[in-house]
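Containing compact mmCIF, C-alpha atoms: final33.txt.
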# COMPACT_ATOMS: atom_id res chain seq x y z
CA MET A 104 4.84 6.62 -38.32
CA ASP A 105 1.06 6.09 -38.34
CA VAL A 106 -0.29 7.75 -35.21
CA LEU A 107 -4.03 7.20 -34.75
CA LYS A 108 -6.04 10.11 -33.38
CA ILE A 109 -8.83 8.98 -31.07
CA ALA A 110 -11.06 11.01 -28.72
CA ALA A 111 -11.63 9.01 -25.53
CA PHE A 112 -14.63 9.37 -23.21
CA SER A 113 -16.64 10.98 -26.00
CA ASP A 114 -20.22 12.11 -25.53
CA GLY A 115 -21.79 10.34 -28.48
CA ASN A 116 -20.18 11.61 -31.67
CA THR A 117 -18.76 14.72 -30.05
CA GLY A 118 -16.43 15.70 -27.22
CA GLY A 119 -13.93 13.45 -25.56
CA ASN A 120 -10.23 13.95 -24.97
CA PRO A 121 -8.02 13.52 -28.05
CA ALA A 122 -5.12 11.10 -27.69
CA GLY A 123 -2.51 9.84 -30.07
CA VAL A 124 -1.96 6.08 -30.30
CA LEU A 125 0.99 4.41 -31.98
CA ILE A 126 1.14 0.60 -32.07
CA GLY A 127 4.38 -0.86 -33.38
CA ASP A 128 6.51 -3.99 -33.33
CA VAL A 129 8.89 -2.28 -30.89
CA LEU A 130 8.77 0.98 -28.97
CA PRO A 131 10.78 3.89 -30.38
CA ASP A 132 13.44 5.26 -28.05
CA ALA A 133 12.32 7.76 -25.43
CA ALA A 134 13.58 10.80 -27.30
CA GLU A 135 11.68 9.79 -30.43
CA MET A 136 8.48 9.14 -28.45
CA GLN A 137 8.82 12.56 -26.84
CA ARG A 138 9.35 14.18 -30.23
CA LEU A 139 6.32 12.44 -31.72
CA ALA A 140 4.11 13.37 -28.75
CA ALA A 141 5.11 17.01 -29.15
CA GLU A 142 4.40 16.80 -32.88
CA VAL A 143 0.95 15.27 -32.32
CA GLY A 144 0.27 17.99 -29.76
CA PHE A 145 -2.43 16.21 -27.76
CA SER A 146 -2.23 16.09 -23.97
CA GLU A 147 -0.96 12.50 -24.26
CA THR A 148 0.12 9.98 -26.84
CA ALA A 149 0.27 6.27 -25.97
CA PHE A 150 2.96 4.06 -27.49
CA ALA A 151 2.43 0.29 -27.41
CA ALA A 152 4.39 -2.76 -28.58
CA PRO A 153 3.96 -6.52 -27.97
CA ASP A 154 5.69 -7.95 -24.90
CA GLY A 155 4.95 -11.67 -24.70
CA GLU A 156 1.21 -12.01 -24.13
CA SER A 157 0.98 -8.38 -23.02
CA TRP A 158 1.56 -4.91 -24.43
CA ARG A 159 4.35 -2.64 -23.20
CA VAL A 160 2.93 0.87 -22.98
CA ARG A 161 4.44 4.31 -22.36
CA TYR A 162 2.68 7.67 -22.28
CA PHE A 163 4.09 11.05 -23.30
CA SER A 164 2.63 14.53 -23.05
CA PRO A 165 4.07 17.23 -25.35
CA GLU A 166 6.72 18.00 -22.70
CA THR A 167 7.12 15.01 -20.36
CA GLU A 168 6.57 11.29 -19.89
CA VAL A 169 3.78 10.39 -17.46
CA PRO A 170 3.42 7.06 -15.61
CA PHE A 171 -0.23 6.48 -16.47
CA CYS A 172 -2.88 8.17 -18.59
CA GLY A 173 -6.49 7.06 -18.50
CA HIS A 174 -7.88 8.64 -21.65
CA ALA A 175 -4.93 7.46 -23.76
CA THR A 176 -5.49 3.95 -22.36
CA ILE A 177 -9.13 4.07 -23.46
CA ALA A 178 -7.94 5.28 -26.88
CA LEU A 179 -5.43 2.43 -27.01
CA GLY A 180 -8.20 -0.04 -26.13
CA ALA A 181 -10.26 1.27 -29.04
CA ALA A 182 -7.28 0.95 -31.39
CA LEU A 183 -6.65 -2.64 -30.27
CA VAL A 184 -10.31 -3.53 -30.86
CA ARG A 185 -10.08 -2.19 -34.39
CA ARG A 186 -7.03 -4.37 -35.05
CA PHE A 187 -7.82 -7.56 -33.10
CA GLY A 188 -11.52 -7.48 -32.20
CA ASP A 189 -13.16 -7.41 -28.78
CA GLY A 190 -10.99 -8.55 -25.91
CA ILE A 191 -9.13 -7.84 -22.69
CA PHE A 192 -5.57 -6.68 -23.27
CA PRO A 193 -2.91 -6.85 -20.52
CA LEU A 194 -0.73 -3.73 -20.38
CA ILE A 195 2.70 -3.32 -18.79
CA LEU A 196 3.27 0.29 -17.71
CA ASN A 197 6.41 1.85 -16.21
CA GLN A 198 5.19 1.34 -12.64
CA ALA A 199 2.22 -1.05 -12.83
CA SER A 200 0.47 -3.76 -14.82
CA ILE A 201 -3.17 -3.19 -15.74
CA THR A 202 -5.70 -4.26 -18.36
CA VAL A 203 -7.90 -2.50 -20.88
CA GLU A 204 -11.02 -4.14 -22.26
CA GLY A 205 -12.24 -3.04 -25.66
CA PHE A 206 -15.57 -3.89 -27.25
CA ARG A 207 -17.92 -2.80 -30.00
CA ASP A 208 -21.53 -1.86 -29.33
CA GLY A 209 -23.02 -1.56 -32.79
CA ALA A 210 -21.13 1.21 -34.52
CA THR A 211 -19.69 2.48 -31.24
CA ILE A 212 -16.35 1.41 -29.80
CA ALA A 213 -16.05 1.52 -26.03
CA ALA A 214 -13.32 0.57 -23.60
CA ALA A 215 -12.82 0.04 -19.89
CA LEU A 216 -9.54 0.20 -18.03
CA GLN A 217 -8.67 -1.35 -14.70
CA SER A 218 -6.59 1.26 -12.92
CA PRO A 219 -3.56 0.61 -10.76
CA SER A 220 -4.31 0.43 -7.03
CA THR A 221 -5.54 3.61 -5.38
CA ARG A 222 -4.53 5.49 -2.26
CA SER A 223 -5.08 8.89 -0.69
CA LYS A 224 -3.87 11.08 2.15
CA PRO A 225 -4.61 14.57 3.45
CA ALA A 226 -2.92 17.41 1.60
CA ALA A 227 -0.57 19.72 3.47
CA PRO A 228 -2.15 23.08 4.41
CA GLU A 229 0.64 24.92 2.58
CA LEU A 230 -0.08 23.07 -0.67
CA ILE A 231 -3.81 23.69 -0.33
CA ALA A 232 -3.23 27.40 0.22
CA GLU A 233 -0.90 27.59 -2.79
CA ALA A 234 -3.39 25.77 -5.02
CA LEU A 235 -6.29 27.97 -3.90
CA ALA A 236 -4.22 31.06 -4.65
CA LEU A 237 -3.32 29.70 -8.09
CA PHE A 238 -7.00 29.52 -9.09
CA GLY A 239 -8.15 32.58 -7.15
CA TYR A 240 -10.32 30.53 -4.80
CA ALA A 241 -10.88 31.02 -1.08
CA ALA A 242 -11.14 28.30 1.54
CA THR A 243 -14.85 29.11 1.75
CA ASP A 244 -15.24 27.90 -1.87
CA LEU A 245 -14.36 24.34 -0.81
CA ASP A 246 -16.91 21.60 -0.11
CA PRO A 247 -16.23 20.47 3.48
CA ALA A 248 -17.74 17.04 2.76
CA ILE A 249 -14.85 16.22 0.40
CA PRO A 250 -11.66 17.60 1.99
CA PRO A 251 -8.62 18.44 -0.16
CA ALA A 252 -6.36 15.42 -0.54
CA LEU A 253 -3.47 13.90 -2.42
CA ILE A 254 -4.92 11.05 -4.45
CA HIS A 255 -3.36 8.30 -6.55
CA GLY A 256 -4.67 5.79 -9.06
CA GLY A 257 -1.58 5.31 -11.20
CA ALA A 258 -0.46 8.95 -11.02
CA ASP A 259 -0.48 11.62 -8.31
CA HIS A 260 -3.10 14.38 -8.17
CA LEU A 261 -4.39 17.02 -5.77
CA VAL A 262 -8.18 17.17 -5.49
CA LEU A 263 -10.07 20.33 -4.56
CA ALA A 264 -13.84 19.85 -4.29
CA LEU A 265 -15.90 23.02 -4.73
CA LYS A 266 -19.28 23.95 -3.26
CA SER A 267 -20.78 25.36 -6.47
CA ARG A 268 -20.91 24.68 -10.19
CA GLU A 269 -20.34 28.40 -10.74
CA ALA A 270 -17.00 28.30 -8.93
CA LEU A 271 -15.94 25.36 -11.10
CA ALA A 272 -16.93 27.20 -14.28
CA ALA A 273 -14.90 30.24 -13.17
CA MET A 274 -11.59 28.32 -12.99
CA ARG A 275 -8.66 30.37 -14.36
CA TYR A 276 -4.93 30.20 -13.70
CA ASP A 277 -1.52 31.09 -15.06
CA LEU A 278 0.00 28.11 -16.89
CA LYS A 279 3.64 28.76 -15.92
CA THR A 280 2.76 29.30 -12.26
CA GLY A 281 0.65 26.16 -12.27
CA GLN A 282 3.42 24.20 -13.92
CA ALA A 283 5.92 25.25 -11.27
CA LEU A 284 3.51 24.33 -8.47
CA MET A 285 2.60 20.92 -9.88
CA ARG A 286 6.15 19.92 -10.71
CA ALA A 287 7.46 21.03 -7.31
CA ALA A 288 4.72 19.04 -5.55
CA GLY A 289 5.10 15.98 -7.82
CA LEU A 290 1.55 16.31 -9.16
CA VAL A 291 0.50 15.20 -12.63
CA THR A 292 -2.74 17.22 -12.43
CA ILE A 293 -4.98 19.11 -10.05
CA LEU A 294 -8.56 17.83 -10.06
CA LEU A 295 -11.35 20.33 -9.40
CA ALA A 296 -14.70 18.69 -8.68
CA TYR A 297 -18.30 19.61 -7.93
CA ALA A 298 -20.86 17.07 -6.67
CA GLU A 299 -24.23 17.64 -8.37
CA THR A 300 -25.49 14.48 -6.64
CA PRO A 301 -23.67 11.78 -4.65
CA ARG A 302 -23.16 9.85 -7.91
CA LEU A 303 -22.80 12.63 -10.51
CA PHE A 304 -19.78 14.91 -10.57
CA HIS A 305 -18.60 17.75 -12.78
CA THR A 306 -14.82 18.06 -12.96
CA ARG A 307 -12.04 20.11 -14.51
CA ASN A 308 -8.43 18.99 -14.74
CA PRO A 309 -5.55 21.45 -15.20
CA PHE A 310 -2.52 19.52 -16.53
CA ALA A 311 0.12 22.23 -16.36
CA SER A 312 2.82 19.74 -15.38
CA GLY A 313 2.63 18.39 -18.94
CA GLY A 314 2.35 21.80 -20.56
CA VAL A 315 -1.42 21.48 -21.09
CA TYR A 316 -3.79 24.13 -19.65
CA GLU A 317 -6.73 21.75 -19.20
CA ASP A 318 -7.78 18.21 -20.13
CA PRO A 319 -11.36 17.59 -21.31
CA ALA A 320 -11.43 14.02 -19.92
CA THR A 321 -8.99 12.45 -17.47
CA GLY A 322 -9.34 8.76 -16.66
CA ALA A 323 -6.36 8.60 -14.29
CA SER A 324 -7.64 11.35 -12.01
CA THR A 325 -11.17 9.91 -12.18
CA ALA A 326 -9.84 6.56 -10.96
CA ALA A 327 -7.89 8.26 -8.18
CA PHE A 328 -10.91 10.38 -7.21
CA ALA A 329 -13.22 7.35 -7.14
CA GLY A 330 -10.74 5.60 -4.86
CA TYR A 331 -10.65 8.65 -2.60
CA LEU A 332 -14.45 8.77 -2.37
CA ARG A 333 -14.31 5.16 -1.25
CA ASP A 334 -11.65 6.04 1.35
CA ILE A 335 -13.83 8.75 2.90
CA ARG A 336 -16.95 6.56 2.80
CA TRP A 337 -18.76 8.83 0.37
CA PRO A 338 -22.25 7.45 -0.50
CA HIS A 339 -21.33 6.58 -4.09
CA GLY A 340 -23.46 3.44 -4.22
CA GLY A 341 -20.76 1.52 -6.09
CA ALA A 342 -20.28 3.83 -9.07
CA ILE A 343 -20.00 7.46 -10.15
CA ASP A 344 -20.52 9.31 -13.42
CA VAL A 345 -18.33 12.26 -14.34
CA ILE A 346 -18.98 15.06 -16.81
CA GLN A 347 -15.77 16.84 -17.76
CA GLY A 348 -14.72 19.29 -20.47
CA GLU A 349 -18.08 21.06 -20.60
CA ASP A 350 -16.58 24.46 -19.78
CA MET A 351 -14.07 24.15 -22.61
CA GLY A 352 -16.59 23.04 -25.23
CA MET A 353 -15.48 19.38 -25.20
CA ARG A 354 -18.16 17.68 -23.12
CA SER A 355 -16.99 14.24 -22.09
CA ARG A 356 -18.49 11.41 -20.06
CA LEU A 357 -16.66 9.01 -17.78
CA HIS A 358 -18.02 6.17 -15.63
CA ALA A 359 -16.19 4.63 -12.67
CA ASP A 360 -17.18 1.40 -10.92
CA ILE A 361 -16.01 1.30 -7.31
CA PRO A 362 -15.56 -2.08 -5.60
CA PRO A 363 -15.68 -2.05 -1.78
CA GLU A 364 -12.09 -3.14 -1.07
CA ILE A 365 -9.99 -0.16 0.03
CA GLY A 366 -7.10 0.42 -2.35
CA SER A 367 -8.39 -1.92 -5.06
CA SER A 368 -8.45 -1.12 -8.77
CA ILE A 369 -11.14 1.17 -10.20
CA ARG A 370 -12.84 0.31 -13.51
CA VAL A 371 -13.13 3.46 -15.63
CA SER A 372 -15.08 3.20 -18.87
CA GLY A 373 -16.31 5.29 -21.76
CA SER A 374 -16.78 5.43 -25.51
CA ALA A 375 -14.24 6.49 -28.11
CA ARG A 376 -14.51 8.11 -31.53
CA MET A 377 -12.01 7.97 -34.36
CA MET A 378 -11.12 11.57 -35.12
CA ASP A 379 -9.78 10.81 -38.60
CA GLU A 380 -13.21 9.43 -39.52
CA ALA A 381 -15.30 12.24 -38.02
Represent the structure of the file as structure tokens.
Amino acid sequence: MDVLKIAAFSDGNTGGNPAGVLIGDVLPDAAEMQRLAAEVGFSETAFAAPDGESWRVRYFSPETEVPFCGHATIALGAALVRRFGDGIFPLILNQASITVEGFRDGATIAAALQSPSTRSKPAAPELIAEALALFGYAATDLDPAIPPALIHGGADHLVLALKSREALAAMRYDLKTGQALMRAAGLVTILLAYAETPRLFHTRNPFASGGVYEDPATGASTAAFAGYLRDIRWPHGGAIDVIQGEDMGMRSRLHADIPPEIGSSIRVSGSARMMDEA
């Protein structure tokens, strides 16, 4: 099967998070999608097939199916633009219906997803302590202006905001221990964030639940984080920019537009590059 390889949220002609995209007349069965995702080896592969006027979409990491993946949705938007031209494409996910808009800007292909609705709640002290221990952080490393929380924008994440860029750069953890923690807590990823300014964040995103040490660009957690910043009345001014993947040599850029309505969808956008044509 022809699986496209597309890096979403690229920084010009470099960086971004590689995703597999397979568009077919029908979706393969779940076991075959899981096998193909493991064979591709990227953190996620998106599978899409026509469903009326929409596209039925499922996402698989090398080890598990996930309910929503932002960077693979951006990659899918780029693939749909290449096949059908600029447009807004309705997507039917396992647990939500969203859209992805794809468009060309000269030689560049870009896409913007509308996330599922967002929500957040405080994280249990026991989970916070376990997560801090996983990464070797202390409570004094946390930024008190952005308290730890469970956040959702199509998938569940724990966010830990750090006081310094140096602490973010020093992130290390054991994959198997992280996998056990995330799966037991029902987390897709843990988002580590540092606020350089109120509208510019640096993030890292361990994805041990899916068997991936770290993602270089994560649209789902960015949407959830943007929704959380809105919940806590952070002075975001209606949008944030995120730099991710820098510490792993895959610098990526994500942009999130934040409407004022609590719980409403977040628009996450970025460019995409075709890896087979690099």
Write out as a compact mmCIF listing (two decimals) with C-alpha atoms, keeping the file's coordinate frame each polymer residue whose atoms come within 9 Å of region 125-140 of chain A, counting all atoms listed in the file; drop sequence neighbours fewer than 2 positions from it.
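Saved result, around_26.txt, follows:
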# COMPACT_ATOMS: atom_id res chain seq x y z
CA MET A 104 4.84 6.62 -38.32
CA ASP A 105 1.06 6.09 -38.34
CA VAL A 106 -0.29 7.75 -35.21
CA LEU A 107 -4.03 7.20 -34.75
CA GLY A 123 -2.51 9.84 -30.07
CA GLU A 142 4.40 16.80 -32.88
CA VAL A 143 0.95 15.27 -32.32
CA GLY A 144 0.27 17.99 -29.76
CA PHE A 145 -2.43 16.21 -27.76
CA SER A 146 -2.23 16.09 -23.97
CA GLU A 147 -0.96 12.50 -24.26
CA THR A 148 0.12 9.98 -26.84
CA ALA A 149 0.27 6.27 -25.97
CA PHE A 150 2.96 4.06 -27.49
CA ALA A 151 2.43 0.29 -27.41
CA ALA A 152 4.39 -2.76 -28.58
CA PRO A 153 3.96 -6.52 -27.97
CA ASP A 154 5.69 -7.95 -24.90
CA ARG A 159 4.35 -2.64 -23.20
CA VAL A 160 2.93 0.87 -22.98
CA ARG A 161 4.44 4.31 -22.36
CA TYR A 162 2.68 7.67 -22.28
CA PHE A 163 4.09 11.05 -23.30
CA SER A 164 2.63 14.53 -23.05
CA PRO A 165 4.07 17.23 -25.35
CA GLU A 166 6.72 18.00 -22.70
CA THR A 167 7.12 15.01 -20.36
CA GLU A 168 6.57 11.29 -19.89
CA LEU A 179 -5.43 2.43 -27.01
CA ALA A 182 -7.28 0.95 -31.39
CA LEU A 183 -6.65 -2.64 -30.27
Selection: 12 Å around Asp334 (chain A), only C-alpha atoms, excl. self and same-chain fewer than 6 positions, as an MDAnalysis selection string: chainID A and resid 221:225 249:250 252:255 327:328 361:367
Prev. selection, C-alpha atoms, output as an mmCIF file, keeping the file's coordinate frame:
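This is the output file out22.cif:
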data_model
loop_
_atom_site.group_PDB
_atom_site.id
_atom_site.type_symbol
_atom_site.label_atom_id
_atom_site.label_comp_id
_atom_site.auth_asym_id
_atom_site.auth_seq_id
_atom_site.Cartn_x
_atom_site.Cartn_y
_atom_site.Cartn_z
ATOM 1 C CA THR A 221 -5.540 3.610 -5.380
ATOM 2 C CA ARG A 222 -4.530 5.490 -2.260
ATOM 3 C CA SER A 223 -5.080 8.890 -0.690
ATOM 4 C CA LYS A 224 -3.870 11.080 2.150
ATOM 5 C CA PRO A 225 -4.610 14.570 3.450
ATOM 6 C CA ILE A 249 -14.850 16.220 0.400
ATOM 7 C CA PRO A 250 -11.660 17.600 1.990
ATOM 8 C CA ALA A 252 -6.360 15.420 -0.540
ATOM 9 C CA LEU A 253 -3.470 13.900 -2.420
ATOM 10 C CA ILE A 254 -4.920 11.050 -4.450
ATOM 11 C CA HIS A 255 -3.360 8.300 -6.550
ATOM 12 C CA ALA A 327 -7.890 8.260 -8.180
ATOM 13 C CA PHE A 328 -10.910 10.380 -7.210
ATOM 14 C CA ILE A 361 -16.010 1.300 -7.310
ATOM 15 C CA PRO A 362 -15.560 -2.080 -5.600
ATOM 16 C CA PRO A 363 -15.680 -2.050 -1.780
ATOM 17 C CA GLU A 364 -12.090 -3.140 -1.070
ATOM 18 C CA ILE A 365 -9.990 -0.160 0.030
ATOM 19 C CA GLY A 366 -7.100 0.420 -2.350
ATOM 20 C CA SER A 367 -8.390 -1.920 -5.060
#
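Non-sequential neighbours of Ser157 (chain A) (distance at most 6 Å, separation of 2 or more positions within a chain, all atoms listed in the file) are Asp154, Gly155, Pro193 and Leu194 of chain A.
For the pair CA of Val371 (chain A) and CA of Ser218 (chain A), the separation is 7.4 Å.
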CA of Thr176 (chain A) to CA of Ser372 (chain A), distance in Å rounded to a single decimal: 10.2 Å
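Take CA of Thr117 (chain A) and CA of Ala311 (chain A): the distance between them is 24.5 Å.
Using only C-alpha atoms, the shortest contact distance between Ile201 (chain A) and any of A:Gly257, A:Gly348, A:Gly188, A:Pro228 is found at A:Gly257.
With all atoms listed in the file as the atoms that count, the minimum distance from Val345 (chain A) to the choices A:Leu303, A:Ala215, A:Ala323, A:Ala141 is reached by A:Leu303.
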Name all residues at most 12 Å from region 237-239 of chain A (count only C-alpha atoms; drop same-chain ones fewer than 2 positions away) and give them as a short mmCIF file (atom, residue, chain, number, x, y, z; two decimals) with C-alpha atoms, in the frame of the given file.
data_model
loop_
_atom_site.label_atom_id
_atom_site.label_comp_id
_atom_site.auth_asym_id
_atom_site.auth_seq_id
_atom_site.Cartn_x
_atom_site.Cartn_y
_atom_site.Cartn_z
CA LEU A 230 -0.08 23.07 -0.67
CA ILE A 231 -3.81 23.69 -0.33
CA ALA A 232 -3.23 27.40 0.22
CA GLU A 233 -0.90 27.59 -2.79
CA ALA A 234 -3.39 25.77 -5.02
CA LEU A 235 -6.29 27.97 -3.90
CA ALA A 241 -10.88 31.02 -1.08
CA ALA A 242 -11.14 28.30 1.54
CA THR A 243 -14.85 29.11 1.75
CA ASP A 244 -15.24 27.90 -1.87
CA LEU A 263 -10.07 20.33 -4.56
CA LEU A 265 -15.90 23.02 -4.73
CA ALA A 270 -17.00 28.30 -8.93
CA LEU A 271 -15.94 25.36 -11.10
CA ALA A 272 -16.93 27.20 -14.28
CA ALA A 273 -14.90 30.24 -13.17
CA MET A 274 -11.59 28.32 -12.99
CA ARG A 275 -8.66 30.37 -14.36
CA TYR A 276 -4.93 30.20 -13.70
CA ASP A 277 -1.52 31.09 -15.06
CA LEU A 278 0.00 28.11 -16.89
CA LYS A 279 3.64 28.76 -15.92
CA THR A 280 2.76 29.30 -12.26
CA GLY A 281 0.65 26.16 -12.27
CA GLN A 282 3.42 24.20 -13.92
CA ALA A 283 5.92 25.25 -11.27
CA LEU A 284 3.51 24.33 -8.47
CA MET A 285 2.60 20.92 -9.88
CA ILE A 293 -4.98 19.11 -10.05
CA LEU A 294 -8.56 17.83 -10.06
CA LEU A 295 -11.35 20.33 -9.40
CA ARG A 307 -12.04 20.11 -14.51
CA PRO A 309 -5.55 21.45 -15.20
CA ALA A 311 0.12 22.23 -16.36
#
Please produce, as a Markdown table, a per-residue contact table for region 167-246 of chain A versus region 351-358 of chain A (criterion: any atom at most 12 Å away, all atoms listed in the file considered), showing the nearest atom pair and its distance in Å to one decimal, sorted by chain then residue number.
| residue | atom | partner | partner_atom | distance |
| --- | --- | --- | --- | --- |
| A:Gly173 | CA | A:Leu357 | CA | 10.4 |
| A:His174 | CA | A:Leu357 | CA | 9.6 |
| A:Ile177 | CA | A:Leu357 | CA | 10.6 |
| A:Ala213 | CA | A:Leu357 | CA | 11.2 |
| A:Ala214 | CA | A:Leu357 | CA | 10.8 |
| A:Ala215 | CA | A:His358 | CA | 9.1 |
| A:Leu216 | CA | A:His358 | CA | 10.6 |
Coordinates of box centre and edge lengths for region 362-373 of chain A, 6 Å on every side, axis-aligned, as lines of an AutoDock Vina configuration file:
center_x = -11.7
center_y = 1.1
center_z = -10.9
size_x = 21.2
size_y = 20.4
size_z = 33.8
Protein, DNA and RNA residues within 9 Å of (-13.3, 8.8, -35.1), only C-alpha atoms, as an NGL selection string: :A and (108-110 or 116 or 375-381)
